[in-house]
Amino acid sequence: MSEMKIGVIGTGAIGQTHIERINTKLQGARVIACADPNADFCKSIAEKFSLKAYDDPKDMINADDIEAVVVTAADNFHEEYVLAAIEAGKYVFCEKPLAPESNACRKIVDAEIAGGKQLVQVGFMRRYDPGYRQLKELIDSGDYGAPLMLHCAHRNPEVSGFTTEMSVENSLIHEIDVLRWLLGENYETAEVVFPRTTRNAEGELRDPQIMYLTTESGIRIDVESFVNCKYGYDIKCEVVCEEGTLTLPEPANVMKRVDAARVTPICRDWSERFVDAYNIEFQEWINACKEGRVDGPTAWDGYVGQVTAAAASKARDAQSVMTIEFDEKPAFYN
Ligand SMILES: NC(=O)c1ccc[n+]([C@@H]2O[C@H](COP(=O)([O-])OP(=O)(O)OC[C@H]3O[C@@H](n4cnc5c(N)ncnc54)[C@H](O)[C@@H]3O)[C@@H](O)[C@H]2O)c1
């Protein structure tokens with residue numbers, strides 16, 4: 001089977017890593033073009049990876065030789081390019097968030113349904129992390145009884161230019177998606193509380209924060225977001241079930257015994273922690289597109305994620321518990 005030809009929109013940090021992964025590590029596809037309104041920068045990336053450079057991403061989406069599109073532009077531009085790809089009838093992988101506003105996500109859902117074919121996948125890569133996959137298998141086995149509570153944490157060593165709002169919208173959006181997928185249930189309520197703020201928070205930033213979610217069956221989730229934890233990039237998830245607890249495995253790193261201490265390294269950032277997840281995510285996306293289907297997180301998952309994040313943001317601003325209300329799931333996504 002021939003290689004699927006891909007165009008990447010947005011040649012910033014993650015766009016470049018995806019180009020490199022598809023063209024050097026994965027099989028069955030090749031990035032042949034890129035587009036970014038920052039023309040000189042786009043040309044330099046195109047030269048580095050031997051791609052054709054487009055100033056206008058829509059020209060690239062509509063080019064005859066482009067079979068699928070990867071959107072890694074800044075968040076506000078996702079909607080425009082995903083809609084253009086749907087109109088062109090091309091598979092489109094869009095980095096999270098599908099769009100910053102839930103209305104825009106709903107517009108994408110409606111456009112995809114109107115087109116009559118599932119084309120959109122959202123970049124919620126945690127679902128591809130081998131540790132989360134093991135957790136899901138064990139929960140789904142039912143051997144440990146029903147999940148009752150989840151205790152989770154999302155910690156970054158430090159993040160500059162971060163605002164209080166970004167904890168939910170940029171960090172916890174990953175937990176919002178992956179925990180819903182793990183449990184196979186929608187959320188009902190959201191709340192965000194502020195513990196004492198670290199002295200390492202810049203300006204007005206409230207850090208850490210704790211988001212509480214409840215699900216339809218009453219499972220209670222707490223997730224800590226701490227973007228100035230200083231020591232490393234650390235992701236935790238413990239699922240307390242009726243007859244046992246299930247804990248997300250730590251990345252496999254050698255433990256050293258040195259200087260009268262046991263030392264096991266912790267990842268420094270998300271790109272290191274989730275490198276396997278990104279590779280698996282893209283390989284499976286390529287394989288599915290070539291078989292004519294989408295089997296990863298859908299535009300509907302993108303919509304549900306943004307509705308939940310918006311409710312959590314409202315809850316944070318109002319310092320109260322918010323009920324989360326979704327539209328009814330269209331049969332198209334069953
Ligand atoms: N899945 C993940 O864990 C993960 C991690 C990092 C980033 N992301 C997402 O990937 C996207 C890009 O993030 P990044 O860190 O690479 O940002 P970045 O700022 O490094 O790159 C963004 C790129 O978008 C380009 N751009 C701006 N306006 C554009 C437009 N109108 N059309 C096309 N391109 C445009 C910019 O020139 C820049 O090259 C964001 O949506 C972000 O949320 C996801």
# chains A, B, ... in the order shown; residues from 1 in each chain; ligands from 1

$ residues_near_ligand --ligand "ligand 1" --cutoff "10 Å" --atoms "only C-alpha atoms and all ligand atoms" --output "ChimeraX atom specification"
/A:8-18,34-39,41-42,45,55-58,71-78,80-81,94-100,122-126,169-171,173-174,270-271,274-275,277-278

$ residues_around --residues "Thr264 (chain A)" --least-positions-apart "3" --cutoff "12 Å" --atoms "only C-alpha atoms" --output "number ranges by chain"
A: 232, 250-258, 261, 267

$ write_last_selection --atoms "N, CA, C and O atoms" --output "compact mmCIF listing (two decimals), in the first residue's frame"
# COMPACT_ATOMS: atom_id res chain seq x y z
N GLY A 232 9.93 18.12 38.63
CA GLY A 232 9.87 17.32 37.40
C GLY A 232 8.46 17.30 36.85
O GLY A 232 7.57 17.97 37.38
N GLU A 250 4.57 4.18 36.85
CA GLU A 250 5.59 5.22 36.61
C GLU A 250 6.36 4.82 35.35
O GLU A 250 6.52 3.63 35.07
N PRO A 251 6.89 5.81 34.57
CA PRO A 251 7.74 5.44 33.43
C PRO A 251 8.91 4.59 33.91
O PRO A 251 9.42 4.78 35.02
N ALA A 252 9.31 3.61 33.08
CA ALA A 252 10.37 2.68 33.49
C ALA A 252 11.73 3.38 33.43
O ALA A 252 12.22 3.69 32.34
N ASN A 253 12.31 3.66 34.56
CA ASN A 253 13.65 4.25 34.64
C ASN A 253 14.47 3.48 35.65
O ASN A 253 13.94 3.07 36.69
N VAL A 254 15.73 3.30 35.34
CA VAL A 254 16.61 2.53 36.23
C VAL A 254 16.76 3.22 37.58
O VAL A 254 16.92 4.45 37.64
N MET A 255 16.66 2.44 38.63
CA MET A 255 16.92 3.00 39.96
C MET A 255 18.41 2.86 40.28
O MET A 255 18.97 1.78 40.11
N LYS A 256 19.02 3.98 40.66
CA LYS A 256 20.45 3.93 40.98
C LYS A 256 20.62 3.99 42.50
O LYS A 256 19.89 4.73 43.17
N ARG A 257 21.60 3.23 43.00
CA ARG A 257 21.97 3.37 44.41
C ARG A 257 23.29 4.09 44.44
O ARG A 257 24.32 3.54 44.04
N VAL A 258 23.25 5.36 44.81
CA VAL A 258 24.48 6.17 44.85
C VAL A 258 24.43 7.13 46.03
O VAL A 258 23.34 7.58 46.41
N ALA A 261 21.89 6.85 48.69
CA ALA A 261 20.48 7.13 48.35
C ALA A 261 20.03 6.22 47.22
O ALA A 261 20.85 5.77 46.41
N CYS A 267 10.61 12.19 34.69
CA CYS A 267 10.69 12.93 33.41
C CYS A 267 10.75 14.43 33.67
O CYS A 267 10.28 14.92 34.70

$ select_by_dssp --residues "region 107-302 of chain A" --states "helix (DSSP H, G or I)" --output "ChimeraX atom specification"
/A:107-115,125-128,130-141,166-183,270-273,275-290,299-302

$ select_by_dssp --residues "region 59-250 of chain A" --states "strand (DSSP E or B)" --output "PyMOL selection string"
chain A and resi 68-71+91-95+120-123+147-155+187-193+209-215+220-226+234-241+244-247

$ closest_residue --among "A:Ile221, A:Ile6, A:Met1, A:Val109" --to "Ala33 (chain A)" --atoms "only C-alpha atoms"
A:Ile6
